Amino acid sequence: MKTLKSFIKKAAITLLSALLIVSLVNCSGGKKGKPVDENSEEALLDKEDLKQKVRDVVYPLPTAFEVTEMINKVEASYIIGLSNGPSNVDKYFTDKDQAINLGVYSADLSYASTYNMKQEVMNYMEASENLIVELGITGAFSVNFIDEVEANLDNKDKLVELITGSFYDTYEYLVKNNKEDLSLLVLAGTWIEGMYISCNISETVYNNPELVKVILHQKTSLNELVELLAPHNEHETIQSVLSDLKPIKDIYDNIDETGITESQLSGIIEQTSIVRNKIIL
């Protein structure tokens, strides 16, 4: 059965695409009423832009896949032991710890999948499944989800599609079921772990301009995360996460147009490690 999210996305894309086509017809310098070829390069590019905008509404931050894919592109090697160990799942008893570490494991799962580390993918799938059961949100996934992941371990593109879709489904399910505070904790955990991996993928980050760009790129997503969290700071758990993120944001806020200094980068790396090590216990 198709999910509500899938229906909403397709309906929104169809509506927006139709509006776009009407706009192109009306604004065309050619003959009034001239039909627009929906398969033209211009129309296809605009449709992709619309799809991106619709997706941004469903899941308000870049997925961990997008972050780890950037790391992969700079040809950094996969580091075993860098991610949060799946065995740590037994440490998480409160809703806060379970939700934020579901986000952490989502980033770790993305990291392993991006590098096609099959056993690690299954280990993080199992850890994530345990937290999903504990949080009582199994309804966010199709009953065949894990089987589909196992069946596509050799198909990276399909695997990415499946796991990225699970991020959207989890976020939407939590929001729809009045668990927005948990959805925000999942987002925070995903961002923190993705940032931690970015900061520790190399011992000489500052000497790798591409890695520096990856870390600088996270300033925007951090600001978006803080904007999402701030209206909910009456919740003690959200307030705690905002407090933990503040030292990182303060450094980012002081980076000017001349570029990041080695001291600032070191500060971001250090503060990210402090936050990350705190949340994984």
# chains A, B, ... in the order shown; residues from 1 in each chain; ligands from 1
>>> residues_around(residues="A:Gln264", least_positions_apart="6", cutoff="10 Å", atoms="only C-alpha atoms", output="ChimeraX atom specification")
/A:248,251-252,254-255,270
>>> select_by_dssp(residues="stretch 40-200 of chain A", states="alpha helix (DSSP H)", output="number ranges by chain")
A: 41-58, 64-73, 95-114, 118-135, 145-151, 156-176, 180-200
>>> residues_around(residues="stretch 132-137 of chain A", least_positions_apart="6", cutoff="8 Å", atoms="only C-alpha atoms", output="ChimeraX atom specification")
/A:95,98-99,102,170,173-174
>>> write_last_selection(atoms="N, CA and C atoms", output="compact mmCIF listing (two decimals), in the first residue's frame")
# COMPACT_ATOMS: atom_id res chain seq x y z
N ASP A 95 13.38 7.65 26.22
CA ASP A 95 12.94 8.04 24.87
C ASP A 95 13.95 8.97 24.23
N GLN A 98 17.02 6.97 23.10
CA GLN A 98 16.66 6.08 22.00
C GLN A 98 16.44 6.86 20.71
N ALA A 99 15.74 8.01 20.81
CA ALA A 99 15.45 8.80 19.61
C ALA A 99 16.71 9.43 19.03
N LEU A 102 18.78 6.80 17.50
CA LEU A 102 18.21 6.32 16.24
C LEU A 102 18.72 7.22 15.12
N THR A 170 10.17 7.89 8.79
CA THR A 170 10.29 8.01 10.25
C THR A 170 9.93 9.41 10.70
N TYR A 173 6.17 10.05 10.21
CA TYR A 173 5.36 9.26 11.15
C TYR A 173 5.36 9.89 12.54
N LEU A 174 6.53 10.32 13.00
CA LEU A 174 6.63 10.92 14.33
C LEU A 174 5.84 12.22 14.40
>>> atom_distance(atom1="atom CA of A:Tyr196", atom2="atom CA of A:Ser221")
14.0 Å
>>> closest_residue(among="A:Asn84, A:Asn101, A:Glu129, A:Tyr124", to="A:Val143", atoms="only C-alpha atoms")
A:Glu129
>>> residues_around(residues="stretch 73-81 of chain A", least_positions_apart="6", cutoff="8 Å", atoms="only C-alpha atoms", output="VMD selection string")
chain A and resid 112 115 201 to 202 210 to 211
>>> write_last_selection(atoms="C-alpha atoms", output="PDB file, in the first residue's frame")
ATOM      1  CA  ALA A 112      28.232   2.174   5.803  1.00  0.00           C
ATOM      2  CA  TYR A 115      30.847   2.757   1.168  1.00  0.00           C
ATOM      3  CA  ILE A 201      37.451  11.008   8.603  1.00  0.00           C
ATOM      4  CA  SER A 202      41.032  12.283   8.365  1.00  0.00           C
ATOM      5  CA  GLU A 210      37.531  19.392   0.062  1.00  0.00           C
ATOM      6  CA  LEU A 211      36.954  18.084   3.587  1.00  0.00           C
TER       7      LEU A 211
END
>>> closest_residue(among="A:Leu187, A:Leu265, A:Leu225, A:Leu182", to="A:Asn207", atoms="only C-alpha atoms")
A:Leu265
>>> closest_residue(among="A:Leu216, A:Leu159, A:Leu222, A:Leu82", to="A:Thr190", atoms="only C-alpha atoms")
A:Leu222
>>> atom_distance(atom1="atom CA of A:Thr204", atom2="atom CA of A:Leu109")
24.5 Å
>>> residues_around(residues="A:Ile238", least_positions_apart="6", cutoff="9 Å", atoms="only C-alpha atoms", output="mmCIF file with C-alpha atoms, in the first residue's frame")
data_model
loop_
_atom_site.group_PDB
_atom_site.id
_atom_site.type_symbol
_atom_site.label_atom_id
_atom_site.label_comp_id
_atom_site.auth_asym_id
_atom_site.auth_seq_id
_atom_site.Cartn_x
_atom_site.Cartn_y
_atom_site.Cartn_z
ATOM 1 C CA ASP A 181 9.929 16.272 19.998
ATOM 2 C CA LEU A 184 13.587 16.593 16.313
ATOM 3 C CA LEU A 185 15.831 14.426 18.478
ATOM 4 C CA LEU A 229 14.563 23.048 17.708
ATOM 5 C CA ALA A 230 14.180 26.570 19.135
ATOM 6 C CA HIS A 232 10.304 23.560 21.264
#
>>> atom_distance(atom1="atom CA of A:Met70", atom2="atom CA of A:Ser198")
9.1 Å
>>> closest_residue(among="A:Ser106, A:Lys246, A:Asn72, A:Ala140", to="A:Val175", atoms="only C-alpha atoms")
A:Ala140
>>> residues_around(residues="stretch 149-153 of chain A", least_positions_apart="3", cutoff="12 Å", atoms="only C-alpha atoms", output="NGL selection string")
:A and (109 or 112-126 or 142-146 or 156-166)
>>> write_last_selection(atoms="N, CA and C atoms", output="mmCIF file, in the first residue's frame")
data_model
loop_
_atom_site.group_PDB
_atom_site.id
_atom_site.type_symbol
_atom_site.label_atom_id
_atom_site.label_comp_id
_atom_site.auth_asym_id
_atom_site.auth_seq_id
_atom_site.Cartn_x
_atom_site.Cartn_y
_atom_site.Cartn_z
ATOM 1 N N LEU A 109 24.394 4.182 9.434
ATOM 2 C CA LEU A 109 23.870 3.312 8.379
ATOM 3 C C LEU A 109 24.134 3.920 7.010
ATOM 4 N N ALA A 112 27.903 3.539 6.227
ATOM 5 C CA ALA A 112 28.232 2.174 5.803
ATOM 6 C C ALA A 112 27.683 1.882 4.412
ATOM 7 N N SER A 113 26.472 2.341 4.134
ATOM 8 C CA SER A 113 25.847 2.084 2.832
ATOM 9 C C SER A 113 26.568 2.815 1.716
ATOM 10 N N THR A 114 26.976 4.061 1.989
ATOM 11 C CA THR A 114 27.688 4.854 0.989
ATOM 12 C C THR A 114 28.961 4.162 0.543
ATOM 13 N N TYR A 115 29.600 3.463 1.481
ATOM 14 C CA TYR A 115 30.847 2.757 1.168
ATOM 15 C C TYR A 115 30.607 1.278 0.864
ATOM 16 N N ASN A 116 29.332 0.882 0.784
ATOM 17 C CA ASN A 116 28.964 -0.491 0.442
ATOM 18 C C ASN A 116 29.554 -1.517 1.412
ATOM 19 N N MET A 117 29.523 -1.178 2.716
ATOM 20 C CA MET A 117 30.009 -2.076 3.767
ATOM 21 C C MET A 117 28.834 -2.938 4.227
ATOM 22 N N LYS A 118 28.675 -4.098 3.586
ATOM 23 C CA LYS A 118 27.450 -4.888 3.728
ATOM 24 C C LYS A 118 27.187 -5.370 5.154
ATOM 25 N N GLN A 119 28.206 -5.910 5.819
ATOM 26 C CA GLN A 119 27.980 -6.417 7.171
ATOM 27 C C GLN A 119 27.641 -5.287 8.127
ATOM 28 N N GLU A 120 28.330 -4.150 7.962
ATOM 29 C CA GLU A 120 28.044 -3.001 8.814
ATOM 30 C C GLU A 120 26.615 -2.493 8.577
ATOM 31 N N VAL A 121 26.172 -2.535 7.320
ATOM 32 C CA VAL A 121 24.796 -2.125 7.007
ATOM 33 C C VAL A 121 23.816 -2.975 7.807
ATOM 34 N N MET A 122 23.998 -4.281 7.798
ATOM 35 C CA MET A 122 23.084 -5.159 8.512
ATOM 36 C C MET A 122 23.171 -4.958 10.028
ATOM 37 N N ASN A 123 24.390 -4.698 10.533
ATOM 38 C CA ASN A 123 24.551 -4.461 11.971
ATOM 39 C C ASN A 123 23.792 -3.205 12.410
ATOM 40 N N TYR A 124 23.889 -2.150 11.599
ATOM 41 C CA TYR A 124 23.203 -0.906 11.947
ATOM 42 C C TYR A 124 21.704 -1.000 11.694
ATOM 43 N N MET A 125 21.306 -1.819 10.741
ATOM 44 C CA MET A 125 19.881 -2.069 10.541
ATOM 45 C C MET A 125 19.291 -2.731 11.781
ATOM 46 N N GLU A 126 20.009 -3.701 12.327
ATOM 47 C CA GLU A 126 19.521 -4.419 13.508
ATOM 48 C C GLU A 126 19.449 -3.485 14.714
ATOM 49 N N SER A 142 7.333 -0.385 6.229
ATOM 50 C CA SER A 142 6.605 -1.503 5.650
ATOM 51 C C SER A 142 7.153 -2.789 6.260
ATOM 52 N N VAL A 143 6.329 -3.816 6.296
ATOM 53 C CA VAL A 143 6.745 -5.084 6.909
ATOM 54 C C VAL A 143 7.879 -5.729 6.127
ATOM 55 N N ASN A 144 8.053 -5.329 4.873
ATOM 56 C CA ASN A 144 9.076 -5.938 4.022
ATOM 57 C C ASN A 144 10.369 -5.117 3.963
ATOM 58 N N PHE A 145 10.442 -4.049 4.771
ATOM 59 C CA PHE A 145 11.560 -3.125 4.633
ATOM 60 C C PHE A 145 12.920 -3.812 4.809
ATOM 61 N N ILE A 146 13.088 -4.557 5.893
ATOM 62 C CA ILE A 146 14.384 -5.194 6.156
ATOM 63 C C ILE A 146 14.701 -6.232 5.089
ATOM 64 N N LYS A 156 23.780 -0.593 -4.638
ATOM 65 C CA LYS A 156 23.943 0.607 -3.816
ATOM 66 C C LYS A 156 22.851 1.637 -4.076
ATOM 67 N N ASP A 157 22.526 1.864 -5.337
ATOM 68 C CA ASP A 157 21.520 2.885 -5.658
ATOM 69 C C ASP A 157 20.169 2.555 -5.028
ATOM 70 N N LYS A 158 19.766 1.297 -5.124
ATOM 71 C CA LYS A 158 18.491 0.883 -4.543
ATOM 72 C C LYS A 158 18.550 0.948 -3.024
ATOM 73 N N LEU A 159 19.695 0.571 -2.477
ATOM 74 C CA LEU A 159 19.869 0.610 -1.031
ATOM 75 C C LEU A 159 19.749 2.038 -0.513
ATOM 76 N N VAL A 160 20.386 2.956 -1.214
ATOM 77 C CA VAL A 160 20.299 4.371 -0.846
ATOM 78 C C VAL A 160 18.852 4.843 -0.903
ATOM 79 N N GLU A 161 18.152 4.429 -1.947
ATOM 80 C CA GLU A 161 16.744 4.819 -2.114
ATOM 81 C C GLU A 161 15.892 4.301 -0.959
ATOM 82 N N LEU A 162 16.105 3.049 -0.581
ATOM 83 C CA LEU A 162 15.317 2.447 0.484
ATOM 84 C C LEU A 162 15.570 3.122 1.827
ATOM 85 N N ILE A 163 16.844 3.321 2.144
ATOM 86 C CA ILE A 163 17.181 3.865 3.464
ATOM 87 C C ILE A 163 16.848 5.344 3.551
ATOM 88 N N THR A 164 17.077 6.069 2.475
ATOM 89 C CA THR A 164 16.689 7.481 2.474
ATOM 90 C C THR A 164 15.179 7.602 2.646
ATOM 91 N N GLY A 165 14.427 6.743 1.962
ATOM 92 C CA GLY A 165 12.981 6.746 2.124
ATOM 93 C C GLY A 165 12.566 6.470 3.562
ATOM 94 N N SER A 166 13.341 5.634 4.256
ATOM 95 C CA SER A 166 13.015 5.324 5.654
ATOM 96 C C SER A 166 13.208 6.546 6.544
#
